[in-house]
Each structure stands twice: as structure tokens, then as C-alpha cells.
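Q: Take this structure first; my questions come after.
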Amino acid sequence: MRDGPTDELTGSNARVVPARPALMRAMNERLMLAQVRTAGPVSRTDLARMSGLSKPTVTVALGNLERDGLVRVAGLRTGLRGPAAVLYEVRPEAGYVLGLDVGREYLRAALADLSGAVRARASRRVHAASAPGRVSEMISLADEMATTAGIRRSRFSQVVVGSPGVYEPERGALVAARNLPGWERPGVVHELRAVFGKSTALENDVDLAALAERDHGHGKEFATFCFVSVGTGIGMGLVIDGRLRRGAHGAAGEIAYLPIGNEDVPLSEIRKRGQLEAVASAAAVVRAARRMGMSGSLTARRVFAAAADGDARAVAAVAAEAELVARAVGSVVAVVDPELIVLGGGIGRAPGFAAAVAAALVPFVPFVPEIRVSALGDDGVVDGCLAAGLEMAWERLLER
């Protein structure tokens with residue numbers, strides 16, 4: 001005689017086991033916390049309607065969350081018939097997210113609470129020439145953020161580091177971080193996690209800038225777009241249907257390695273930086289300007305300034321750069337067909353460069369997407385750190 005009904009898929013005996021009360025309470029609290037986060041300030045009546053749970057169940061769940069310091073009373077809703085309704089919201093001080101943007105020349109940081117409000121923000125020029133020195137400067141800036149917010153570093157719920165390169169979990173190290181000397185050695189990640197915790201995440205800086213563009217910039221208007229950064233290096237963040245795409249190895253968007261450009265560059269340089277970056281980065285703009293006959297102490301910024309003043313040699317160098325970037329963008333357009341291209345980085349945001357890229361792109365693609373300059377400025381990567389870190393912190397909080 002069977003002990004219970006037969007499972008139709010396995011043919012085995014199965015019994016319906018009711019969910020344990022503790023599990024049900026945890027599920028209800030998770031649901032309430034998620035809805036307060038997205039809809040707050042919100043009343044118990046609203047939460048009962050949205051969740052389908054009874055008001056007594058909602059009251060119990062909110063009481064537990066309030067006792068645990070995760071939600072708080074935000075005020076009263078008045079002006080409606082009947083007694084005033086108590087409104088609940090997430091308690092911002094329940095956790096903090098630190099974002100660190102590690103660049104070759106600058107280190108930027110921002111600290112946000114769990115509501116997303118930024119509590120501190122700062123940047124400083126990088127003085128360290130080695131990876132250990134750079135880590136020390138990151139720790140110092142993180143401590144400055146904590147002091148400004150009036151908390152201890154141990155209160156950080158999530159730390160996200162935005163860096164050039166791609167994190168390889170198997171090796172526990174970054175690869176293709178060619179612009180930061182020593183940054184690819186495995187000890188770097190170990191040192192960061194020893195200081196900031198095992199949950200510290202390392203993300204590609206341009207991917208993070210794309211996230212910031214999606215949440216706070218031009219990307220809010222489009223489901224599918226590319227963020228292309230052109231400066232000391234070249235990279236791309238790809239958002240398709242509202243989601244950042246990292247690829248099988250986290251290397252989606254490493255357009256520095258596109259085989260574009262005819263400049264006579266040593267093979268060793270191409271292997272180190274990628275062919276496109278070798279011929280189209282800030283250093284390459286300076287080389288192109290010198291080939292055109294410019295001399296003196298040159299930087300990419302000075303070349304672009306000279307082009308704006310009408311210097312024919314600088315104009316030619318900028319035009320060559322715009323065509324190289326247009327060819328790279330054209331390769332992406334042919335595969336992804338994005339609605340929008342956002343240009344960032346020192347060169348990408350240079351006056352007139354977006355228009356030059358758009359004009360150069362016309363012969364290469366059947367459909368030219370809209371091309372805009374990022375409005376997020378230098379804080380794009382660190383804002384992306386916060387966006388990614390908040391999602392990570394909330395995911396762990398809800399799982400807990």
C-alpha cells in the first residue's frame with residue numbers, strides 16, 4: 001500500500017509537507033522588505049494589497065523587520081478618510097556601500113547608505129607607482145569616507161572596486177589591467193579582500209560606467225546601448241534589454257583588442273594593449289599629431305585644444321582618431337544594433353568628438369545609432385560601483 005500520492009515525473013511516492021512556520025515568516029519578511037524598498041514610504045494597507053498577505057501577517061513581518069533595524073516609521077499619511085496611516089521605509093543606516101574607482105591618475109570614492117543616498121564623495125590624485133602603494137591609498141580614502149559619514153569601516157555592507165581589466169575568479173586576479181603596473185598579480189585581490197571583506201567585488205570600470213549611464217544618464221531612455229570610453233585606454237560596456245552583458249569570461253566589451261588600425265605598431269605592444277588601443281588611445285593621438293608635424297610638449301588634451309583653434313595638423317590627428325573609433329563602433333553596431341552610443345573618457349567627452357565620430361560612422365553601417373556624450377563626467381565609474389554594490393548588498397540582505 002502506498003504511503004502517499006505518486007510523483008508524476010519520477011514515479012516515486014511523495015508527500016505534501018507543509019512549510020514550517022519559521023520558513024513562512026522568513027519568506028513574508030523578505031517579501032515585505034523588498035516591497036518597502038521599491039514602494040516606500042508605504043502603509044500596511046498598501047503592502048497587504050500589493051503582496052496578497054493579510055494585514056495581521058504584514059503587521060507581524062514589519063514588526064520583525066523594524067526590530068532588526070531594517071525598516072522604520074517614515075511618518076503618517078493624512079488627509080484621507082479614516083485614521084492616519086503609518087508609513088514605513090527602509091532604514092538607510094542598516095548598511096553602507098563603498099565604491100572605489102581605481103584609475104591610472106586618479107582614485108575616486110563614494111559611500112552610500114542602503115537607500116542609495118550618497119553620504120560621502122572624494123577624489124585624489126594617485127601618487128603610488130606600485131600595486132601595494134595603490135592599495136594603501138585606497139584604504140586611506142576608504143577610511144576618509146567612513147570618517148566623513150561618521151561610521152566605522154566595519155559597517156560597509158558591500159565594497160565594489162572599479163578597475164581596468166577583467167577579474168578571473170579561477171586565478172583570483174585581474175587580467176588585461178595593462179595601464180596599472182603590478183595590478184594583475186594575484187596578491188592584489190587578496191589584499192583588498194583582507195581589508196574590505198570577502199564579499200568585495202571587482203568589476204570592470206567601463207562596465208560600471210555603463211551601469212551608471214543606465215541608471216542615471218542617457219541610458220535611462222534606451223533599452224539597448226553601448227558606453228564607449230576613449231582615453232588612456234579604450235573599452236566598452238554593453239547593455240542589452242536593460243541588462244549589462246559581461247560575456248562568458250567577463251570580457252565582453254574589450255574592444256581594445258579589435259584588429260583595427262594600420263599604424264606600424266610593434267607586435268609586442270599589440271599583444272600588451274590590443275591593436276585598437278595601441279593606435280587610438282591618448283598616447284596614440286599624441287603620436288599621430290607628431291607625425292602630422294606638431295612638436296613640443298604634447299598631450300591628447302593639447303592636441304584637441306589646438307584642433308579647436310583651427311591647427312590643421314591637430315585637426316588631421318583628431319579626424320584620424322574619430323575614424324578609428326567610428327570603425328570600432330561600426331563593428332559593434334553591425335553585431336548588436338544598439339539604439340544609442342554614449343561616449344565617455346577624456347577623448348570621448350572632448351568637444352566636437354562625438355559629432356566627428358557620427359560623421360565618420362556613416363559609410364560603415366546601414367543604421368547610425370544616436371551618439372551622445374556622457375553627462376556623468378568623472379564620477380561615472382564610482383556611481384556605477386554604487387549601483388552594482390547596492391544590488392549586491394540588497395541581494396545578500398534578502399537572502400539572509
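All residue names refer to the C-alpha cells as shown: chains lettered A, B, ... in order, residues numbered from 1 in each chain, ligands numbered from 1 in order.
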Need to verify the contact set: stretch 380-386 of chain A, 9 Å, only C-alpha atoms, exclusion of same-chain residues closer than 5 positions in sequence. Can you return it as a VMD selection string?
A: chain A and resid 97 to 101 108 to 112 116 118 159 to 163 203 205 to 213 215 to 216 344 374 to 375 391
Q: Excluding same-chain residues fewer than 2 positions from A:Ala149, what lies within 7 Å of it counting only C-alpha atoms, as a list of chain:residue names?
A: A:Arg119, A:Ala120, A:Met145, A:Ala146, A:Thr147, A:Ile151
Q: Can you pull out the residues contacting stretch 222-235 of chain A? Cut-off 7 Å, using only C-alpha atoms, and skip same-chain residues under 2 positions away; I want them as a VMD selection string.
A: chain A and resid 206 210 219 to 220 237 to 242 253 to 256 277 281 to 282 338 to 348
Q: As an MDAnalysis selection string, please: the residues near stretch 136-144 of chain A (cut-off 8 Å, only C-alpha atoms, same-chain neighbours under 6 positions excluded).
A: chainID A and resid 98 100 107 109 122 126 128 152:153 195
Q: Would you mind exporting the chosen residues as an mmCIF file, in the first residue's frame, restricted to N, CA and C atoms?
A:
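Writing the result to again.cif gives the following:
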```
data_model
loop_
_atom_site.group_PDB
_atom_site.id
_atom_site.type_symbol
_atom_site.label_atom_id
_atom_site.label_comp_id
_atom_site.auth_asym_id
_atom_site.auth_seq_id
_atom_site.Cartn_x
_atom_site.Cartn_y
_atom_site.Cartn_z
ATOM 1 N N LEU A 98 30.382 50.997 -0.350
ATOM 2 C CA LEU A 98 31.532 51.811 -0.739
ATOM 3 C C LEU A 98 31.914 51.488 -2.176
ATOM 4 N N LEU A 100 34.850 52.283 -5.118
ATOM 5 C CA LEU A 100 36.210 52.775 -5.343
ATOM 6 C C LEU A 100 36.558 52.644 -6.824
ATOM 7 N N LEU A 107 42.156 58.383 -8.049
ATOM 8 C CA LEU A 107 41.402 57.426 -7.246
ATOM 9 C C LEU A 107 40.165 58.158 -6.743
ATOM 10 N N ALA A 109 36.172 57.838 -4.844
ATOM 11 C CA ALA A 109 35.390 57.004 -3.924
ATOM 12 C C ALA A 109 34.072 57.683 -3.608
ATOM 13 N N ALA A 122 34.712 61.685 -2.695
ATOM 14 C CA ALA A 122 36.005 62.360 -2.758
ATOM 15 C C ALA A 122 36.841 61.773 -3.883
ATOM 16 N N VAL A 126 46.511 59.886 -7.769
ATOM 17 C CA VAL A 126 47.295 58.711 -7.369
ATOM 18 C C VAL A 126 48.779 59.075 -7.347
ATOM 19 N N ALA A 128 51.050 56.634 -5.842
ATOM 20 C CA ALA A 128 51.765 55.357 -5.785
ATOM 21 C C ALA A 128 52.127 54.870 -7.185
ATOM 22 N N ARG A 152 32.235 53.364 11.180
ATOM 23 C CA ARG A 152 33.467 52.595 11.096
ATOM 24 C C ARG A 152 33.501 51.817 9.790
ATOM 25 N N ARG A 153 34.717 51.479 9.368
ATOM 26 C CA ARG A 153 34.862 50.720 8.127
ATOM 27 C C ARG A 153 34.138 49.379 8.185
ATOM 28 N N VAL A 195 41.238 43.435 3.645
ATOM 29 C CA VAL A 195 40.911 44.711 4.287
ATOM 30 C C VAL A 195 39.412 44.962 4.306
#
```
Q: For a quick check of understanding, using only C-alpha atoms, which of A:Val90, A:Ala251, A:Val58, A:Met27 has the smallest distance to A:Tyr167?
A: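 The answer is A:Ala251, which sits nearest to A:Tyr167.
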Q: Quote the spacing between atom CA of A:Leu174 and atom CA of A:Val189 in Å to one decimal place.
A: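 A separation of 7.9 Å between them.
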Q: Would you work out the distance separating atom CA of A:Ala320 from atom CA of A:Arg301, expressed in Å to one decimal?
A: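 Interatomic distance here is 15.4 Å.
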Q: Write out as a ChimeraX atom specification each polymer residue whose atoms come within 12 Å of stretch 285-288 of chain A, counting only C-alpha atoms; drop sequence neighbours fewer than 5 positions from it.
A: /A:230-233,263-265,277-280,293-304,306-307,313-322,324-325,346-347
Q: Save the residues we just selected, N, CA and C atoms, as an mmCIF file, in the first residue's frame?
A:
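Output contents, as saved in result_8.cif:
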```cif
data_model
loop_
_atom_site.group_PDB
_atom_site.id
_atom_site.type_symbol
_atom_site.label_atom_id
_atom_site.label_comp_id
_atom_site.auth_asym_id
_atom_site.auth_seq_id
_atom_site.Cartn_x
_atom_site.Cartn_y
_atom_site.Cartn_z
ATOM 1 N N VAL A 230 36.936 56.334 -24.277
ATOM 2 C CA VAL A 230 38.172 56.546 -25.038
ATOM 3 C C VAL A 230 39.017 57.555 -24.276
ATOM 4 N N GLY A 231 40.179 57.111 -23.829
ATOM 5 C CA GLY A 231 41.063 57.992 -23.077
ATOM 6 C C GLY A 231 42.435 57.362 -22.990
ATOM 7 N N THR A 232 42.914 57.179 -21.748
ATOM 8 C CA THR A 232 44.184 56.477 -21.565
ATOM 9 C C THR A 232 44.102 55.075 -22.148
ATOM 10 N N GLY A 233 42.950 54.462 -22.014
ATOM 11 C CA GLY A 233 42.659 53.171 -22.638
ATOM 12 C C GLY A 233 41.351 53.259 -23.396
ATOM 13 N N GLU A 263 48.416 51.549 -38.300
ATOM 14 C CA GLU A 263 49.680 52.128 -37.857
ATOM 15 C C GLU A 263 50.696 51.020 -37.594
ATOM 16 N N ASP A 264 51.939 51.331 -37.892
ATOM 17 C CA ASP A 264 53.011 50.353 -37.713
ATOM 18 C C ASP A 264 53.379 50.267 -36.234
ATOM 19 N N VAL A 265 52.671 49.415 -35.536
ATOM 20 C CA VAL A 265 52.879 49.260 -34.100
ATOM 21 C C VAL A 265 53.547 47.914 -33.841
ATOM 22 N N GLU A 277 43.609 49.831 -29.138
ATOM 23 C CA GLU A 277 44.109 50.738 -28.103
ATOM 24 C C GLU A 277 45.505 51.240 -28.438
ATOM 25 N N ALA A 278 46.294 50.391 -29.081
ATOM 26 C CA ALA A 278 47.654 50.795 -29.434
ATOM 27 C C ALA A 278 47.662 51.946 -30.431
ATOM 28 N N VAL A 279 46.610 52.047 -31.248
ATOM 29 C CA VAL A 279 46.596 53.079 -32.288
ATOM 30 C C VAL A 279 45.583 54.188 -32.027
ATOM 31 N N ALA A 280 44.759 54.065 -30.977
ATOM 32 C CA ALA A 280 43.685 55.046 -30.800
ATOM 33 C C ALA A 280 43.538 55.561 -29.375
ATOM 34 N N GLY A 293 53.348 66.677 -37.810
ATOM 35 C CA GLY A 293 54.252 67.817 -37.760
ATOM 36 C C GLY A 293 54.189 68.645 -36.506
ATOM 37 N N MET A 294 53.319 68.296 -35.537
ATOM 38 C CA MET A 294 53.275 69.043 -34.289
ATOM 39 C C MET A 294 54.476 68.662 -33.420
ATOM 40 N N SER A 295 54.927 69.602 -32.596
ATOM 41 C CA SER A 295 56.097 69.350 -31.758
ATOM 42 C C SER A 295 55.876 69.968 -30.390
ATOM 43 N N GLY A 296 56.876 69.857 -29.541
ATOM 44 C CA GLY A 296 56.773 70.415 -28.206
ATOM 45 C C GLY A 296 56.182 69.422 -27.221
ATOM 46 N N SER A 297 55.815 69.916 -26.046
ATOM 47 C CA SER A 297 55.234 69.079 -25.002
ATOM 48 C C SER A 297 53.748 68.849 -25.318
ATOM 49 N N LEU A 298 53.445 67.703 -25.878
ATOM 50 C CA LEU A 298 52.088 67.423 -26.336
ATOM 51 C C LEU A 298 51.373 66.438 -25.424
ATOM 52 N N THR A 299 50.083 66.658 -25.255
ATOM 53 C CA THR A 299 49.169 65.696 -24.648
ATOM 54 C C THR A 299 47.943 65.618 -25.540
ATOM 55 N N ALA A 300 47.124 64.602 -25.339
ATOM 56 C CA ALA A 300 45.906 64.495 -26.144
ATOM 57 C C ALA A 300 45.019 65.723 -25.928
ATOM 58 N N ARG A 301 44.956 66.212 -24.695
ATOM 59 C CA ARG A 301 44.151 67.404 -24.408
ATOM 60 C C ARG A 301 44.634 68.603 -25.227
ATOM 61 N N ARG A 302 45.966 68.773 -25.308
ATOM 62 C CA ARG A 302 46.514 69.903 -26.067
ATOM 63 C C ARG A 302 46.274 69.737 -27.564
ATOM 64 N N VAL A 303 46.328 68.513 -28.043
ATOM 65 C CA VAL A 303 46.054 68.274 -29.461
ATOM 66 C C VAL A 303 44.615 68.659 -29.785
ATOM 67 N N PHE A 304 43.685 68.257 -28.945
ATOM 68 C CA PHE A 304 42.269 68.588 -29.182
ATOM 69 C C PHE A 304 42.032 70.089 -29.060
ATOM 70 N N ALA A 306 44.239 72.408 -29.760
ATOM 71 C CA ALA A 306 44.792 73.003 -30.979
ATOM 72 C C ALA A 306 43.852 72.791 -32.154
ATOM 73 N N ALA A 307 43.215 71.634 -32.213
ATOM 74 C CA ALA A 307 42.259 71.375 -33.292
ATOM 75 C C ALA A 307 41.085 72.333 -33.196
ATOM 76 N N ARG A 313 47.189 70.564 -38.498
ATOM 77 C CA ARG A 313 47.841 69.304 -38.122
ATOM 78 C C ARG A 313 47.038 68.605 -37.013
ATOM 79 N N ALA A 314 46.592 69.384 -36.034
ATOM 80 C CA ALA A 314 45.790 68.813 -34.957
ATOM 81 C C ALA A 314 44.440 68.342 -35.477
ATOM 82 N N VAL A 315 43.844 69.101 -36.385
ATOM 83 C CA VAL A 315 42.565 68.709 -36.983
ATOM 84 C C VAL A 315 42.694 67.360 -37.668
ATOM 85 N N ALA A 316 43.801 67.154 -38.374
ATOM 86 C CA ALA A 316 44.020 65.882 -39.070
ATOM 87 C C ALA A 316 44.184 64.735 -38.069
ATOM 88 N N ALA A 317 44.896 64.999 -36.970
ATOM 89 C CA ALA A 317 45.098 63.953 -35.961
ATOM 90 C C ALA A 317 43.775 63.581 -35.310
ATOM 91 N N VAL A 318 42.942 64.573 -35.001
ATOM 92 C CA VAL A 318 41.646 64.308 -34.393
ATOM 93 C C VAL A 318 40.736 63.571 -35.364
ATOM 94 N N ALA A 319 40.780 63.928 -36.632
ATOM 95 C CA ALA A 319 39.959 63.249 -37.637
ATOM 96 C C ALA A 319 40.353 61.781 -37.761
ATOM 97 N N ALA A 320 41.666 61.519 -37.709
ATOM 98 C CA ALA A 320 42.133 60.126 -37.781
ATOM 99 C C ALA A 320 41.647 59.342 -36.563
ATOM 100 N N GLU A 321 41.671 59.969 -35.394
ATOM 101 C CA GLU A 321 41.177 59.311 -34.182
ATOM 102 C C GLU A 321 39.689 59.025 -34.290
ATOM 103 N N ALA A 322 38.928 59.986 -34.786
ATOM 104 C CA ALA A 322 37.484 59.806 -34.929
ATOM 105 C C ALA A 322 37.165 58.661 -35.882
ATOM 106 N N LEU A 324 39.058 55.974 -36.479
ATOM 107 C CA LEU A 324 39.373 54.713 -35.812
ATOM 108 C C LEU A 324 38.264 54.316 -34.839
ATOM 109 N N VAL A 325 37.802 55.280 -34.041
ATOM 110 C CA VAL A 325 36.728 54.986 -33.097
ATOM 111 C C VAL A 325 35.444 54.635 -33.845
ATOM 112 N N GLY A 346 38.342 60.853 -21.427
ATOM 113 C CA GLY A 346 38.868 62.166 -21.757
ATOM 114 C C GLY A 346 38.734 62.538 -23.216
ATOM 115 N N ILE A 347 38.987 61.580 -24.112
ATOM 116 C CA ILE A 347 38.840 61.838 -25.542
ATOM 117 C C ILE A 347 37.379 61.758 -25.950
#
```
Q: Quote the spacing between atom CA of A:Pro351 and atom CA of A:Pro366 in Å to one decimal place.
A: 26.0 Å
Q: Enumerate as a list in words all residues of stretch 24-81 of chain A assigned to strand (DSSP E) by DSSP on the backbone, naming them with the chain letters and numbers the document uses.
A: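 The strand (DSSP E) residues within stretch 24-81 of chain A come out as Val42, Ser43, Val71, Arg72, Val73, Ala74, Gly75, Leu76 and Arg77 of chain A.
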Q: What parts of stretch 47-211 of chain A does DSSP call alpha helix (DSSP H)? I'd like the answer as a PDB file with C-alpha atoms, in the first residue's frame.
A:
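Dumped to out.pdb:
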```pdb
ATOM      1  CA  LEU A  47       1.650  46.308   1.458  1.00  0.00           C
ATOM      2  CA  ALA A  48      -1.238  43.906   2.100  1.00  0.00           C
ATOM      3  CA  ARG A  49      -2.784  44.872  -1.228  1.00  0.00           C
ATOM      4  CA  MET A  50       0.468  44.523  -3.165  1.00  0.00           C
ATOM      5  CA  SER A  51       1.546  41.262  -1.549  1.00  0.00           C
ATOM      6  CA  LYS A  55      -2.906  42.795   7.336  1.00  0.00           C
ATOM      7  CA  PRO A  56      -2.073  40.874  10.549  1.00  0.00           C
ATOM      8  CA  THR A  57       0.648  38.953   8.675  1.00  0.00           C
ATOM      9  CA  VAL A  58       2.012  42.212   7.244  1.00  0.00           C
ATOM     10  CA  THR A  59       1.993  43.771  10.722  1.00  0.00           C
ATOM     11  CA  VAL A  60       3.989  40.894  12.203  1.00  0.00           C
ATOM     12  CA  ALA A  61       6.540  40.949   9.370  1.00  0.00           C
ATOM     13  CA  LEU A  62       7.004  44.721   9.618  1.00  0.00           C
ATOM     14  CA  GLY A  63       7.407  44.450  13.388  1.00  0.00           C
ATOM     15  CA  ASN A  64      10.190  41.902  12.982  1.00  0.00           C
ATOM     16  CA  LEU A  65      11.935  43.986  10.314  1.00  0.00           C
ATOM     17  CA  GLU A  66      11.666  47.097  12.470  1.00  0.00           C
ATOM     18  CA  ARG A  67      13.081  45.243  15.473  1.00  0.00           C
ATOM     19  CA  ALA A 131      50.254  47.950  -6.598  1.00  0.00           C
ATOM     20  CA  PRO A 132      50.851  47.806  -2.803  1.00  0.00           C
ATOM     21  CA  GLY A 133      51.090  51.585  -2.691  1.00  0.00           C
ATOM     22  CA  ARG A 134      47.867  51.904  -4.659  1.00  0.00           C
ATOM     23  CA  VAL A 135      46.092  49.545  -2.233  1.00  0.00           C
ATOM     24  CA  SER A 136      47.328  51.656   0.687  1.00  0.00           C
ATOM     25  CA  GLU A 137      45.917  54.791  -0.924  1.00  0.00           C
ATOM     26  CA  MET A 138      42.578  53.015  -1.421  1.00  0.00           C
ATOM     27  CA  ILE A 139      42.466  52.053   2.265  1.00  0.00           C
ATOM     28  CA  SER A 140      43.261  55.623   3.280  1.00  0.00           C
ATOM     29  CA  LEU A 141      40.498  57.037   1.081  1.00  0.00           C
ATOM     30  CA  ALA A 142      38.011  54.427   2.351  1.00  0.00           C
ATOM     31  CA  ASP A 143      38.792  55.436   5.929  1.00  0.00           C
ATOM     32  CA  GLU A 144      38.245  59.065   4.952  1.00  0.00           C
ATOM     33  CA  MET A 145      34.804  58.120   3.585  1.00  0.00           C
ATOM     34  CA  ALA A 146      33.901  56.321   6.814  1.00  0.00           C
ATOM     35  CA  THR A 147      35.051  59.259   8.949  1.00  0.00           C
ATOM     36  CA  THR A 148      33.031  61.721   6.858  1.00  0.00           C
ATOM     37  CA  ALA A 149      29.908  59.555   7.252  1.00  0.00           C
ATOM     38  CA  GLY A 187      48.100  39.277  -4.270  1.00  0.00           C
ATOM     39  CA  VAL A 188      46.193  42.477  -5.109  1.00  0.00           C
ATOM     40  CA  VAL A 189      42.752  40.882  -4.836  1.00  0.00           C
ATOM     41  CA  HIS A 190      43.767  39.020  -1.669  1.00  0.00           C
ATOM     42  CA  GLU A 191      44.960  42.263  -0.059  1.00  0.00           C
ATOM     43  CA  LEU A 192      41.750  44.109  -0.945  1.00  0.00           C
ATOM     44  CA  ARG A 193      39.538  41.353   0.444  1.00  0.00           C
ATOM     45  CA  ALA A 194      41.645  41.043   3.579  1.00  0.00           C
ATOM     46  CA  VAL A 195      40.911  44.711   4.287  1.00  0.00           C
ATOM     47  CA  PHE A 196      37.358  45.170   2.995  1.00  0.00           C
ATOM     48  CA  ASP A 205      35.454  50.126 -14.799  1.00  0.00           C
ATOM     49  CA  VAL A 206      33.803  50.697 -18.175  1.00  0.00           C
ATOM     50  CA  ASP A 207      31.089  48.124 -17.389  1.00  0.00           C
ATOM     51  CA  LEU A 208      30.364  50.077 -14.215  1.00  0.00           C
ATOM     52  CA  ALA A 209      30.215  53.344 -16.136  1.00  0.00           C
ATOM     53  CA  ALA A 210      27.630  51.693 -18.398  1.00  0.00           C
ATOM     54  CA  LEU A 211      25.566  50.753 -15.319  1.00  0.00           C
TER      55      LEU A 211
END
```
Q: Between A:His249, A:Ala393, A:Ala360, A:Arg37, which one has atoms that come closest to A:Gly330, using only C-alpha atoms?
A: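 Using only C-alpha atoms, A:Gly330 sits closest to A:Ala360.
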Q: Name the residues in contact with A:Ser331 at a cut-off of 9 Å, using only C-alpha atoms, excluding same-chain residues fewer than 3 positions from it; report them as a short mmCIF file (atom, residue, chain, number, x, y, z; two decimals) with C-alpha atoms, in the first residue's frame.
A:
```cif
data_model
loop_
_atom_site.label_atom_id
_atom_site.label_comp_id
_atom_site.auth_asym_id
_atom_site.auth_seq_id
_atom_site.Cartn_x
_atom_site.Cartn_y
_atom_site.Cartn_z
CA LEU A 258 39.65 44.70 -32.13
CA ALA A 326 33.99 55.02 -35.76
CA ARG A 327 35.34 51.77 -37.22
CA ALA A 328 35.29 50.17 -33.78
CA ALA A 334 26.86 45.50 -37.02
CA VAL A 335 26.59 42.84 -34.31
CA VAL A 336 24.44 44.41 -31.60
CA PHE A 364 30.41 51.86 -42.38
CA VAL A 365 26.92 50.90 -41.15
#
```
Q: Just checking: using only C-alpha atoms, which residue out of A:Ala129, A:Leu87, A:Ala26, A:Ala308 ends up closest to A:Ala39?
A: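 With only C-alpha atoms as the atom set, the closest residue is A:Leu87.
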Q: Which residue, A:Ile270, A:Tyr88, A:Leu114, A:Thr200, has the smallest gap to A:Arg178 when you use only C-alpha atoms?
A: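 Between A:Ile270, A:Tyr88, A:Leu114, A:Thr200, the residue approaching A:Arg178 most closely is A:Ile270.
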Q: Here is a test: counting only C-alpha atoms, which residue of A:Leu76, A:Val71, A:Met236, A:Val36 is nearest to A:Gly95?
A: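 Ranking A:Leu76, A:Val71, A:Met236, A:Val36 by distance to A:Gly95, first place goes to A:Val71.
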